[in-house]
file structure-v9.cif (mmCIF, C-alpha atoms)
data_entry
loop_
_atom_site.label_atom_id
_atom_site.label_comp_id
_atom_site.auth_asym_id
_atom_site.auth_seq_id
_atom_site.Cartn_x
_atom_site.Cartn_y
_atom_site.Cartn_z
CA MET A 1 92.41 73.26 126.53
CA PRO A 2 96.05 72.41 125.85
CA PRO A 3 97.90 70.84 128.79
CA ARG A 4 100.47 73.66 128.72
CA ALA A 5 98.00 76.28 130.00
CA PRO A 6 99.29 76.28 133.63
CA ARG A 7 102.84 76.69 132.36
CA LEU A 8 101.66 79.58 130.17
CA ARG A 9 100.16 81.31 133.20
CA SER A 10 103.47 81.21 135.06
CA LEU A 11 105.33 82.37 131.95
CA LEU A 12 102.77 85.15 131.53
CA ALA A 13 103.50 86.51 134.99
CA ALA A 14 107.23 86.44 134.36
CA THR A 15 107.04 88.01 130.94
CA LEU A 16 104.71 90.82 132.09
CA ALA A 17 107.15 91.65 134.85
CA MET A 18 109.87 92.07 132.23
CA VAL A 19 107.63 94.09 129.89
CA CYS A 20 106.59 96.68 132.43
CA VAL A 21 109.90 97.32 134.18
CA SER A 22 110.97 100.12 131.86
CA ALA A 23 107.53 101.32 130.72
CA PRO A 24 107.46 105.12 130.65
CA LEU A 25 104.61 107.21 131.95
CA SER A 26 101.82 108.25 129.58
CA ALA A 27 101.83 111.68 128.04
CA ALA A 28 98.65 113.56 128.99
CA ALA A 29 98.48 116.67 126.80
CA ALA A 30 96.27 116.78 123.70
CA PRO A 31 97.95 117.87 120.46
CA THR A 32 97.61 121.59 119.78
CA GLY A 33 94.31 122.40 118.12
CA TRP A 34 92.63 119.12 119.04
CA VAL A 35 90.22 118.13 121.82
CA GLN A 36 89.95 114.55 123.08
CA VAL A 37 86.64 112.75 122.43
CA TRP A 38 87.55 109.15 123.38
CA ALA A 39 90.40 107.33 125.08
CA ASP A 40 91.48 104.13 126.71
CA GLU A 41 94.42 104.62 129.08
CA PHE A 42 94.36 100.95 130.21
CA ASN A 43 94.54 101.94 133.86
CA GLN A 44 92.37 99.11 135.14
CA PRO A 45 93.82 96.61 137.65
CA GLN A 46 96.85 94.55 136.72
CA GLY A 47 95.95 91.13 135.32
CA THR A 48 92.58 92.16 133.90
CA GLY A 49 91.63 92.10 130.25
CA PRO A 50 90.55 94.98 128.01
CA ASP A 51 87.51 97.06 129.01
CA ARG A 52 84.55 95.29 127.37
CA ASN A 53 82.59 98.56 127.38
CA LYS A 54 85.14 99.86 124.88
CA TRP A 55 86.45 96.79 123.06
CA ASN A 56 85.18 93.59 121.48
CA MET A 57 87.47 90.56 121.54
CA GLU A 58 87.41 88.65 118.26
CA ILE A 59 87.87 84.90 118.43
CA GLY A 60 89.14 82.34 115.95
CA ASN A 61 91.18 82.14 112.77
CA GLY A 62 88.65 84.00 110.63
CA SER A 63 87.85 83.15 107.03
CA ASP A 64 90.97 81.94 105.20
CA GLY A 65 93.12 83.10 108.10
CA TRP A 66 91.40 86.52 108.36
CA GLY A 67 91.74 86.84 104.58
CA ASN A 68 95.54 86.68 104.79
CA LYS A 69 96.29 83.02 105.63
CA GLU A 70 97.36 84.07 109.13
CA LEU A 71 98.41 81.27 111.48
CA GLN A 72 97.21 82.46 114.91
CA TYR A 73 93.98 81.67 116.74
CA TYR A 74 92.62 84.76 118.50
CA THR A 75 91.25 84.25 122.00
CA ASP A 76 89.61 86.40 124.68
CA ARG A 77 91.93 85.07 127.43
CA THR A 78 94.08 87.28 129.61
CA ASN A 79 96.95 85.02 128.47
CA ASN A 80 96.68 86.92 125.16
CA ALA A 81 95.45 90.41 126.16
CA VAL A 82 96.15 91.73 129.66
CA VAL A 83 96.86 94.92 131.56
CA ASP A 84 100.30 95.03 133.21
CA GLN A 85 101.33 96.76 136.44
CA ALA A 86 102.46 99.90 134.58
CA GLY A 87 99.01 100.51 133.06
CA ASN A 88 99.78 99.16 129.59
CA LEU A 89 97.67 96.76 127.59
CA VAL A 90 99.85 93.89 126.36
CA LEU A 91 98.79 91.74 123.40
CA ILE A 92 100.77 88.51 123.59
CA ALA A 93 101.44 85.94 120.85
CA TRP A 94 102.31 82.46 122.10
CA ARG A 95 103.47 79.35 120.32
CA GLU A 96 100.79 76.86 121.41
CA GLN A 97 98.15 74.68 119.73
CA TRP A 98 94.64 76.11 119.90
CA GLY A 99 91.52 75.81 117.75
CA ASN A 100 91.41 75.18 114.01
CA CYS A 101 93.22 77.06 111.26
CA TRP A 102 92.33 77.72 107.62
CA HIS A 103 94.75 75.01 106.44
CA GLY A 104 92.69 72.29 108.14
CA GLY A 105 94.91 71.57 111.13
CA ALA A 106 95.26 73.04 114.58
CA CYS A 107 96.57 76.59 114.86
CA GLN A 108 100.10 76.59 116.30
CA TYR A 109 99.88 80.11 117.78
CA THR A 110 97.48 82.20 119.84
CA SER A 111 97.15 85.96 120.09
CA ALA A 112 94.54 88.74 120.41
CA ARG A 113 92.52 91.03 118.17
CA MET A 114 90.19 93.71 119.56
CA THR A 115 87.86 96.23 117.93
CA THR A 116 85.65 99.18 118.88
CA ARG A 117 82.95 98.10 116.39
CA GLY A 118 79.51 99.11 117.62
CA LYS A 119 81.04 100.80 120.68
CA PHE A 120 83.01 103.67 119.18
CA GLU A 121 82.77 104.55 115.50
CA ARG A 122 83.63 107.91 114.04
CA ALA A 123 84.25 109.78 110.82
CA TYR A 124 87.23 112.16 110.85
CA GLY A 125 89.61 113.18 113.62
CA ARG A 126 93.02 112.29 114.97
CA PHE A 127 93.42 108.63 115.94
CA GLU A 128 96.57 107.90 117.92
CA ALA A 129 98.21 105.15 119.97
CA ARG A 130 101.44 104.97 121.94
CA MET A 131 102.98 101.55 121.50
CA LYS A 132 106.10 99.43 121.72
CA LEU A 133 106.24 96.84 118.96
CA PRO A 134 107.24 93.18 118.93
CA VAL A 135 109.96 91.81 116.64
CA GLY A 136 110.70 88.64 114.69
CA GLN A 137 110.12 86.85 111.42
CA GLY A 138 106.39 86.22 110.90
CA ILE A 139 105.21 88.71 113.55
CA TRP A 140 102.62 91.27 112.32
CA PRO A 141 101.27 93.95 114.73
CA ALA A 142 98.74 96.51 113.51
CA PHE A 143 96.66 99.52 114.61
CA TRP A 144 94.06 100.18 111.93
CA MET A 145 90.44 101.03 111.04
CA LEU A 146 87.62 99.61 108.93
CA GLY A 147 84.46 101.24 107.62
CA ASN A 148 81.43 100.40 109.74
CA ASP A 149 79.45 99.41 106.61
CA ILE A 150 81.64 96.36 106.07
CA ASP A 151 78.68 93.94 106.35
CA THR A 152 76.80 95.62 103.49
CA ALA A 153 79.51 97.26 101.36
CA HIS A 154 82.06 94.51 102.10
CA TRP A 155 85.83 94.86 101.95
CA PRO A 156 87.48 96.78 100.31
CA ASN A 157 84.47 98.94 99.41
CA CYS A 158 84.00 99.79 103.10
CA GLY A 159 87.49 101.29 103.20
CA GLU A 160 90.48 100.50 105.39
CA ILE A 161 92.95 102.89 107.03
CA ASP A 162 96.11 101.26 108.34
CA ILE A 163 97.51 103.69 110.91
CA MET A 164 100.49 101.44 111.71
CA GLU A 165 101.55 98.05 110.42
CA ASN A 166 104.88 96.36 110.95
CA VAL A 167 106.34 93.10 109.71
CA GLY A 168 108.64 91.82 112.40
CA ARG A 169 111.58 91.14 110.12
CA GLU A 170 111.77 94.94 109.56
CA PRO A 171 112.20 96.27 113.12
CA TYR A 172 113.13 99.79 111.99
CA THR A 173 110.18 100.34 109.61
CA VAL A 174 106.41 100.83 109.91
CA HIS A 175 103.83 101.26 107.17
CA GLY A 176 100.70 103.39 106.71
CA THR A 177 98.25 102.41 103.96
CA ILE A 178 94.73 102.96 102.63
CA HIS A 179 92.68 100.27 100.90
CA GLY A 180 89.54 100.71 98.84
CA PRO A 181 87.94 99.60 95.56
CA GLY A 182 90.70 99.29 92.98
CA TYR A 183 93.51 99.83 95.48
CA SER A 184 93.43 96.99 97.97
CA GLY A 185 95.74 94.26 99.20
CA ALA A 186 99.14 94.49 97.53
CA GLN A 187 97.80 97.46 95.51
CA GLY A 188 97.04 99.49 98.63
CA ILE A 189 98.33 103.06 98.58
CA GLY A 190 100.78 103.96 101.31
CA ALA A 191 104.28 104.72 102.52
CA SER A 192 106.77 103.56 105.12
CA LYS A 193 108.54 105.38 107.94
CA ASN A 194 111.85 104.51 109.55
CA SER A 195 112.16 104.94 113.31
CA PRO A 196 112.69 108.66 114.12
CA ASP A 197 115.23 107.92 116.86
CA GLY A 198 117.19 105.37 114.82
CA ARG A 199 116.40 102.53 117.20
CA ARG A 200 114.21 99.51 116.55
CA TYR A 201 110.51 100.08 117.16
CA THR A 202 110.70 97.26 119.69
CA ASP A 203 113.24 99.15 121.83
CA GLY A 204 110.91 101.91 123.05
CA PHE A 205 107.48 103.51 122.83
CA HIS A 206 106.42 105.54 119.79
CA ASN A 207 103.28 107.50 118.91
CA PHE A 208 101.47 106.41 115.75
CA ALA A 209 98.68 108.64 114.43
CA VAL A 210 96.53 109.63 111.49
CA GLU A 211 94.69 112.92 111.01
CA TRP A 212 91.67 112.24 108.82
CA SER A 213 89.51 114.96 107.26
CA PRO A 214 86.88 114.91 104.47
CA THR A 215 89.61 115.74 101.96
CA ASP A 216 92.77 113.97 103.11
CA ILE A 217 94.51 111.57 105.50
CA LYS A 218 97.91 112.31 107.07
CA TRP A 219 100.19 109.83 108.85
CA PHE A 220 102.57 110.64 111.72
CA VAL A 221 105.19 108.88 113.83
CA ASP A 222 106.23 110.76 116.97
CA GLY A 223 104.68 113.92 115.54
CA GLN A 224 106.60 113.66 112.25
CA LEU A 225 104.36 113.83 109.17
CA TYR A 226 105.52 111.26 106.63
CA GLN A 227 102.58 110.82 104.24
CA GLN A 228 99.45 112.61 103.02
CA ARG A 229 96.81 111.07 100.73
CA THR A 230 93.86 112.60 98.87
CA ALA A 231 91.45 111.41 96.19
CA ALA A 232 94.00 112.56 93.61
CA ASP A 233 96.25 109.64 94.67
CA LEU A 234 93.68 106.93 93.88
CA ARG A 235 94.41 106.43 90.18
CA GLY A 236 90.84 107.42 89.30
CA ASN A 237 89.27 105.08 91.87
CA ARG A 238 86.68 106.02 94.47
CA TRP A 239 87.48 107.75 97.78
CA VAL A 240 85.58 105.75 100.42
CA PHE A 241 86.75 107.58 103.54
CA ASP A 242 83.59 109.60 104.06
CA HIS A 243 81.73 107.67 106.76
CA ARG A 244 82.25 106.19 110.23
CA PHE A 245 85.07 103.73 110.92
CA PHE A 246 85.96 101.60 113.96
CA MET A 247 89.43 100.88 115.36
CA ILE A 248 91.29 97.57 115.54
CA LEU A 249 94.36 96.48 117.51
CA ASN A 250 95.82 93.08 116.74
CA LEU A 251 98.97 91.01 116.83
CA ALA A 252 99.00 88.49 113.98
CA VAL A 253 101.39 85.62 113.39
CA GLY A 254 102.19 84.57 109.84
CA GLY A 255 100.25 85.48 106.72
CA ASN A 256 100.84 86.41 103.12
CA TRP A 257 102.84 89.56 103.88
CA PRO A 258 105.09 88.71 106.86
CA GLY A 259 105.51 85.03 106.02
CA SER A 260 105.65 82.32 108.66
CA PRO A 261 107.78 82.31 111.80
CA ASP A 262 111.04 80.41 111.52
CA GLY A 263 113.75 79.14 113.83
CA SER A 264 114.86 82.69 114.61
CA THR A 265 111.44 83.77 115.93
CA VAL A 266 111.24 83.95 119.71
CA PHE A 267 107.95 83.46 121.58
CA PRO A 268 106.13 84.95 123.36
CA GLN A 269 106.00 88.28 121.51
CA HIS A 270 104.39 91.43 122.94
CA LEU A 271 102.61 94.43 121.48
CA VAL A 272 102.59 96.89 124.39
CA VAL A 273 99.98 99.67 124.21
CA ASP A 274 100.25 102.59 126.64
CA TRP A 275 97.08 104.29 125.41
CA VAL A 276 94.71 104.84 122.48
CA ARG A 277 93.18 108.31 122.02
CA VAL A 278 90.85 110.01 119.57
CA PHE A 279 90.57 113.77 119.04
CA GLU A 280 88.44 116.18 117.02
CA TRP A 281 89.53 119.53 115.63
CA ARG A 282 88.39 122.43 117.78
#
call {"tool": "encode", "arguments": {"input": "structure-v9.cif", "output": "structure tokens"}}
result
Amino acid sequence: MPPRAPRLRSLLAATLAMVCVSAPLSAAAAPTGWVQVWADEFNQPQGTGPDRNKWNMEIGNGSDGWGNKELQYYTDRTNNAVVDQAGNLVLIAWREQWGNCWHGGACQYTSARMTTRGKFERAYGRFEARMKLPVGQGIWPAFWMLGNDIDTAHWPNCGEIDIMENVGREPYTVHGTIHGPGYSGAQGIGASKNSPDGRRYTDGFHNFAVEWSPTDIKWFVDGQLYQQRTAADLRGNRWVFDHRFFMILNLAVGGNWPGSPDGSTVFPQHLVVDWVRVFEWR
């Protein structure tokens, strides 16, 4: 363990105090026409980690930096994923050496990645999270889903639905994308959405959602529809969004898309999650 761990613990307490001071209360009402089937409100005691009955904590730097040459090492420590005093889950990226990275040296950053794989998997519905995003060059938060047949079909044949991605150098913009066979990686099909209130996504909480049916997927920010995709958008490729998916929350550092942090990037960075909820149509 790096010698800076005690210092990180004291910094963690200070930074969580700053994060939760202005955290608003959660909204409780389900969207009209939908009934809730799963949720995590993150109301467990302050200082605890995510509920392990609902979430798996992934560890390491993955294969080739989780396929993207990412620079962080994911841990299951409460230094990297912890509930604050306002009932938010906070994913925290630190600049610190930990574990081994794809490039052969030690990773220079830590963070957290959590999934509902094997614990909650579902085809179709409304998947929604209320979050406040981090900011900075090389910072890459995401709320997304993968097909539960990933071990047999493999990516991208399993399908991927990116509910919200942000690259930290673009604090006013988020992205929603689908990936599948013939439309993956840089060829993924999606759109972007500027902040509805004109402020940076790091300056307040916003609701990010998809409504997924057998025939289409719609993306929303704060209730505003900004994109709809069907099989007709796939350039003749196969629609693979017809089976169960699991959810993922993560805060990456570096990678092919956001690029590496630079001298302007401040650490630690926080992805603050008020709640995650899933609904089915009545």
call {"tool": "atom_distance", "arguments": {"input": "structure-v9.cif", "atom1": "atom CA of Phe246 of chain A", "atom2": "atom CA of Thr116 of chain A"}}
result
5.5 Å
call {"tool": "resolve_selection", "arguments": {"input": "structure-v9.cif", "expression": "the PyMOL selection byres ((chain A and resi 42) around 10)", "output": "mmCIF file with C-alpha atoms, in the frame of the given file"}}
result
data_model
loop_
_atom_site.group_PDB
_atom_site.id
_atom_site.type_symbol
_atom_site.label_atom_id
_atom_site.label_comp_id
_atom_site.auth_asym_id
_atom_site.auth_seq_id
_atom_site.Cartn_x
_atom_site.Cartn_y
_atom_site.Cartn_z
ATOM 1 C CA ALA A 39 90.400 107.330 125.080
ATOM 2 C CA ASP A 40 91.480 104.130 126.710
ATOM 3 C CA GLU A 41 94.420 104.620 129.080
ATOM 4 C CA ASN A 43 94.540 101.940 133.860
ATOM 5 C CA GLN A 44 92.370 99.110 135.140
ATOM 6 C CA PRO A 45 93.820 96.610 137.650
ATOM 7 C CA GLN A 46 96.850 94.550 136.720
ATOM 8 C CA THR A 48 92.580 92.160 133.900
ATOM 9 C CA GLY A 49 91.630 92.100 130.250
ATOM 10 C CA PRO A 50 90.550 94.980 128.010
ATOM 11 C CA ASP A 51 87.510 97.060 129.010
ATOM 12 C CA VAL A 82 96.150 91.730 129.660
ATOM 13 C CA VAL A 83 96.860 94.920 131.560
ATOM 14 C CA ASP A 84 100.300 95.030 133.210
ATOM 15 C CA ALA A 86 102.460 99.900 134.580
ATOM 16 C CA GLY A 87 99.010 100.510 133.060
ATOM 17 C CA ASN A 88 99.780 99.160 129.590
ATOM 18 C CA LEU A 89 97.670 96.760 127.590
ATOM 19 C CA VAL A 90 99.850 93.890 126.360
ATOM 20 C CA VAL A 273 99.980 99.670 124.210
ATOM 21 C CA ASP A 274 100.250 102.590 126.640
ATOM 22 C CA TRP A 275 97.080 104.290 125.410
ATOM 23 C CA VAL A 276 94.710 104.840 122.480
#
call {"tool": "atom_distance", "arguments": {"input": "structure-v9.cif", "atom1": "atom CA of Ile163 of chain A", "atom2": "atom CA of Gly223 of chain A"}}
result
13.3 Å
call {"tool": "closest_atom_pairs", "arguments": {"input": "structure-v9.cif", "of": "segment 177-265 of chain A", "to": "segment 145-149 of chain A", "cutoff": "9 Å", "atoms": "all atoms listed in the file", "output": "JSON lines"}}
result
{"residue": "A:Val240", "atom": "CA", "partner": "A:Gly147", "partner_atom": "CA", "distance": 8.6}
{"residue": "A:Phe241", "atom": "CA", "partner": "A:Gly147", "partner_atom": "CA", "distance": 7.9}
{"residue": "A:His243", "atom": "CA", "partner": "A:Gly147", "partner_atom": "CA", "distance": 7.0}
{"residue": "A:Arg244", "atom": "CA", "partner": "A:Asn148", "partner_atom": "CA", "distance": 5.9}
{"residue": "A:Phe245", "atom": "CA", "partner": "A:Gly147", "partner_atom": "CA", "distance": 4.2}
{"residue": "A:Phe246", "atom": "CA", "partner": "A:Met145", "partner_atom": "CA", "distance": 5.4}
{"residue": "A:Met247", "atom": "CA", "partner": "A:Met145", "partner_atom": "CA", "distance": 4.4}
{"residue": "A:Ile248", "atom": "CA", "partner": "A:Met145", "partner_atom": "CA", "distance": 5.7}
{"residue": "A:Leu249", "atom": "CA", "partner": "A:Met145", "partner_atom": "CA", "distance": 8.8}
call {"tool": "closest_residue", "arguments": {"input": "structure-v9.cif", "among": "A:Ser63, A:Met164, A:Trp140, A:Arg200", "to": "Leu91 of chain A", "atoms": "all atoms listed in the file"}}
result
A:Trp140
call {"tool": "closest_residue", "arguments": {"input": "structure-v9.cif", "among": "A:Val278, A:Ile139, A:Ile189, A:Met114", "to": "Trp94 of chain A", "atoms": "all atoms listed in the file"}}
result
A:Ile139
call {"tool": "resolve_selection", "arguments": {"input": "structure-v9.cif", "expression": "the PyMOL selection byres ((chain A and resi 108) around 6)", "output": "list in words"}}
result
Arg95, Glu96, Gln97, Cys107 and Tyr109 of chain A
call {"tool": "closest_residue", "arguments": {"input": "structure-v9.cif", "among": "A:Gly125, A:Ser184, A:His270, A:Asn237", "to": "Gly33 of chain A", "atoms": "all atoms listed in the file"}}
result
A:Gly125
call {"tool": "resolve_selection", "arguments": {"input": "structure-v9.cif", "expression": "the PyMOL selection byres ((chain A and resi 76-80) around 7)", "output": "ChimeraX atom specification"}}
result
/A:9,12,48-49,57,59,75,81-82,91-93,111-112
call {"tool": "write_last_selection", "arguments": {"input": "structure-v9.cif", "atoms": "C-alpha atoms", "output": "mmCIF file, keeping the file's coordinate frame"}}
result
data_model
loop_
_atom_site.group_PDB
_atom_site.id
_atom_site.type_symbol
_atom_site.label_atom_id
_atom_site.label_comp_id
_atom_site.auth_asym_id
_atom_site.auth_seq_id
_atom_site.Cartn_x
_atom_site.Cartn_y
_atom_site.Cartn_z
ATOM 1 C CA ARG A 9 100.160 81.310 133.200
ATOM 2 C CA LEU A 12 102.770 85.150 131.530
ATOM 3 C CA THR A 48 92.580 92.160 133.900
ATOM 4 C CA GLY A 49 91.630 92.100 130.250
ATOM 5 C CA MET A 57 87.470 90.560 121.540
ATOM 6 C CA ILE A 59 87.870 84.900 118.430
ATOM 7 C CA THR A 75 91.250 84.250 122.000
ATOM 8 C CA ALA A 81 95.450 90.410 126.160
ATOM 9 C CA VAL A 82 96.150 91.730 129.660
ATOM 10 C CA LEU A 91 98.790 91.740 123.400
ATOM 11 C CA ILE A 92 100.770 88.510 123.590
ATOM 12 C CA ALA A 93 101.440 85.940 120.850
ATOM 13 C CA SER A 111 97.150 85.960 120.090
ATOM 14 C CA ALA A 112 94.540 88.740 120.410
#
call {"tool": "atom_distance", "arguments": {"input": "structure-v9.cif", "atom1": "atom CA of Gly255 of chain A", "atom2": "atom CA of Asn68 of chain A"}}
result
5.2 Å
call {"tool": "closest_residue", "arguments": {"input": "structure-v9.cif", "among": "A:Ile150, A:Val266, A:Val37, A:Val167", "to": "Gly180 of chain A", "atoms": "all atoms listed in the file"}}
result
A:Ile150
call {"tool": "axis_aligned_box", "arguments": {"input": "structure-v9.cif", "around": "segment 45-53 of chain A", "padding_each_side": "4 Å", "output": "lines of an AutoDock Vina configuration file"}}
result
center_x = 89.7
center_y = 94.8
center_z = 132.5
size_x = 22.3
size_y = 15.4
size_z = 18.3
call {"tool": "residues_near_point", "arguments": {"input": "structure-v9.cif", "point": "(93.6, 97.1, 91.9)", "cutoff": "12 Å", "atoms": "all atoms listed in the file", "output": "PyMOL selection string"}}
result
chain A and resi 156-157+179-189+234-238
call {"tool": "closest_residue", "arguments": {"input": "structure-v9.cif", "among": "A:Trp98, A:Trp212, A:Gln269, A:Thr177", "to": "Gln72 of chain A", "atoms": "all atoms listed in the file"}}
result
A:Trp98
call {"tool": "closest_residue", "arguments": {"input": "structure-v9.cif", "among": "A:Glu70, A:Met131, A:Ala123, A:Gly62", "to": "Gly204 of chain A", "atoms": "all atoms listed in the file"}}
result
A:Met131
call {"tool": "residues_around", "arguments": {"input": "structure-v9.cif", "residues": "Tyr172 of chain A", "least_positions_apart": "5", "cutoff": "10 Å", "atoms": "all atoms listed in the file", "output": "number ranges by chain"}}
result
A: 135, 166-167, 193-203
